[in-house]
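Since the structure comes first, as structure tokens, the remarks are kept for the end.
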Amino acid sequence: MSKISVVVPTYNESENVGNLTNQIDYALRGIDYEVIFVDDSTDNTPDAIKKVMEENPNVRMEHRETEKGLATAVLEGFKLAKGDYIAVMDADLQHPPAILRSMYAVMETGVDFCVPSRFIPGGSDGGLGPYRKLVSGVARYIGKIMLPSLRKITDPTSGLFMFRRSVIEGADLRPIGWKIMVEVLAMGSYRTVVEIPYKFQARPAGESKLSSKVTVEYLKQVAELTRRGKKQSDVTVTRWSASKLKSELEKIG
């Protein structure tokens, strides 16, 4: 079976990393995996991760003192990843770890890219408040208007995705801000994408990192990608129903 590398950027998430890792371990039971925390924290999150590492040999950490930012943290995780498939998810548990098994089932059918979506039947963005729904919706549609590579994708800005390692081999990834999936979709090499439904969850602990700075960085990123991004015109996007997903999950046990 193929191995998964789960890249998790962290910034002051000490209350969540233990619970997150336990849920990932349960979701990927029977599957070869590793979790790579790339940590920029200023609190005791590194200590919390070290405690997790003592209990779970599949967990690694790269703590950064001199560099900050989600985008560069994820890129560092890509460099460290050893898996055949690479996944990215947030540390705050708003991305449900159980979805990793579903993404793995999708990848095992031979596709290049799996994007969980809140906006296809069976999905939900109920974990977001009204303001964040507005900001997220505006960002999503700006991206779709400006970048051809995003137009077929219903949820390109969530930051939860899995892809084959080959997708980013040789890719000129220069993301800023938080929307790393936008960068990979615009600059990666892939032919097939499958979207599956998922339900965005309420944050159980800690505070959201959303700020005006994040919004400005996203707009800069999109503007830059209009110049150097690929059109990705030969990409096929398929949306799986819950019943189709259940069928493929049964195949991997």
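If you're wondering about the labels, chains in the structure tokens are A, B, ... by order shown, residues count from 1 in each chain, ligands from 1 in order shown.
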
Would you mind writing down, as a PyMOL selection string, each residue of region 29-122 of chain A that DSSP on the backbone assigns to helix (DSSP H, G or I)? chain A and resi 45-55+70-80+99-107

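Using only C-alpha atoms, the shortest contact distance between Arg132 (chain A) and any of A:Ile36, A:Val6, A:Ala202, A:Ala242 is found at A:Ala202.
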
How far is it from CA of Tyr85 (chain A) to CA of Ser2 (chain A), in Å with one decimal? 7.3 Å

Please list as a PyMOL selection string every residue within 9 Å of Asp234 (chain A), counting only C-alpha atoms and excluding residues in the same chain fewer than 4 positions away. chain A and resi 190-192

Any chance you can output those residues with N, CA and C atoms as a short mmCIF file (atom, residue, chain, number, x, y, z; two decimals), in the first residue's frame?
```
data_model
loop_
_atom_site.label_atom_id
_atom_site.label_comp_id
_atom_site.auth_asym_id
_atom_site.auth_seq_id
_atom_site.Cartn_x
_atom_site.Cartn_y
_atom_site.Cartn_z
N TYR A 190 -0.76 17.82 -13.19
CA TYR A 190 -1.75 16.78 -12.90
C TYR A 190 -2.80 16.77 -14.00
N ARG A 191 -3.49 15.65 -14.12
CA ARG A 191 -4.53 15.51 -15.14
C ARG A 191 -5.91 15.24 -14.55
N THR A 192 -5.97 14.60 -13.37
CA THR A 192 -7.25 14.18 -12.82
C THR A 192 -7.41 14.68 -11.39
#
```

Excluding region 171-184 of chain A and any residue of its chain fewer than 2 positions from it, enumerate the residues within 7 Å of it, using only C-alpha atoms, and give them as a compact mmCIF listing (two decimals) with C-alpha atoms, in the first residue's frame.
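Listing of selection-v7.txt after writing:
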```
# COMPACT_ATOMS: atom_id res chain seq x y z
CA GLY A 69 4.34 31.77 7.74
CA LEU A 70 1.96 28.99 6.75
CA ALA A 71 2.97 28.92 3.09
CA PRO A 156 -10.12 25.65 -4.04
CA THR A 157 -9.33 27.78 -0.98
CA GLY A 159 -6.39 24.25 2.45
CA ILE A 168 4.86 19.13 -7.40
CA GLU A 169 8.06 17.68 -8.84
CA ALA A 186 -2.01 26.70 -10.39
CA MET A 187 1.57 25.43 -10.67
CA GLY A 188 1.43 21.63 -10.30
CA VAL A 214 -3.99 37.22 5.39
CA GLU A 217 -1.45 38.28 1.05
CA TYR A 218 -4.04 36.15 -0.76
CA GLN A 221 -0.72 35.64 -4.44
```

Identify, on the basis of only C-alpha atoms, every residue whose closest approach to region 146-152 of chain A does not exceed 6 Å; exclude the query and any residue fewer than 3 positions from it along the same chain; express the result as a PyMOL selection string. chain A and resi 143+186+231-232

Any chance you could list, as number ranges by chain, the residues in region 134-169 of chain A that come up strand (DSSP E) when DSSP is run on the backbone? A: 161-164

Just the selected residues (N, CA and C atoms), exported as a PDB file, in the first residue's frame, please.
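Final file, again-v8.pdb:
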```
ATOM      1  N   PHE A 161      -6.261  19.025   1.273  1.00  0.00           N
ATOM      2  CA  PHE A 161      -6.120  18.329  -0.005  1.00  0.00           C
ATOM      3  C   PHE A 161      -5.052  17.245   0.091  1.00  0.00           C
ATOM      4  N   MET A 162      -5.041  16.365  -0.924  1.00  0.00           N
ATOM      5  CA  MET A 162      -4.032  15.306  -1.027  1.00  0.00           C
ATOM      6  C   MET A 162      -3.685  15.129  -2.505  1.00  0.00           C
ATOM      7  N   PHE A 163      -2.414  14.852  -2.780  1.00  0.00           N
ATOM      8  CA  PHE A 163      -1.982  14.713  -4.163  1.00  0.00           C
ATOM      9  C   PHE A 163      -0.804  13.755  -4.253  1.00  0.00           C
ATOM     10  N   ARG A 164      -0.546  13.283  -5.477  1.00  0.00           N
ATOM     11  CA  ARG A 164       0.625  12.445  -5.709  1.00  0.00           C
ATOM     12  C   ARG A 164       1.892  13.302  -5.646  1.00  0.00           C
TER      13      ARG A 164
END
```

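Comparing the minimum interatomic distances between Ser247 (chain A) and each of A:Glu55, A:Val106, A:Gly83, A:Pro9, counting only C-alpha atoms, we find that A:Val106 sits nearest.
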
Shortest contact to Gln23 (chain A), candidates A:Pro97, A:Pro57, A:Pro130, A:Gly253, atoms counted only C-alpha atoms, goes to A:Pro97

One number please: CA of Glu13 (chain A) to CA of Asp40 (chain A), in Å, one decimal. 10.0 Å

Kindly assemble as a Markdown table a list of the region 157-229 of chain A residues that lie within 8 Å of region 118-128 of chain A, each paired with its nearest atom pair and their distance in Å to one decimal, using only C-alpha atoms, sorted first by chain and then by ascending residue number.
```
| residue | atom | partner | partner_atom | distance |
| --- | --- | --- | --- | --- |
| A:Ile196 | CA | A:Ile120 | CA | 7.6 |
| A:Pro197 | CA | A:Gly123 | CA | 4.4 |
| A:Tyr198 | CA | A:Gly123 | CA | 4.5 |
| A:Lys199 | CA | A:Ser124 | CA | 4.5 |
| A:Phe200 | CA | A:Asp125 | CA | 4.9 |
| A:Gln201 | CA | A:Gly127 | CA | 4.3 |
| A:Ala202 | CA | A:Gly127 | CA | 4.1 |
| A:Arg203 | CA | A:Gly127 | CA | 7.4 |
```
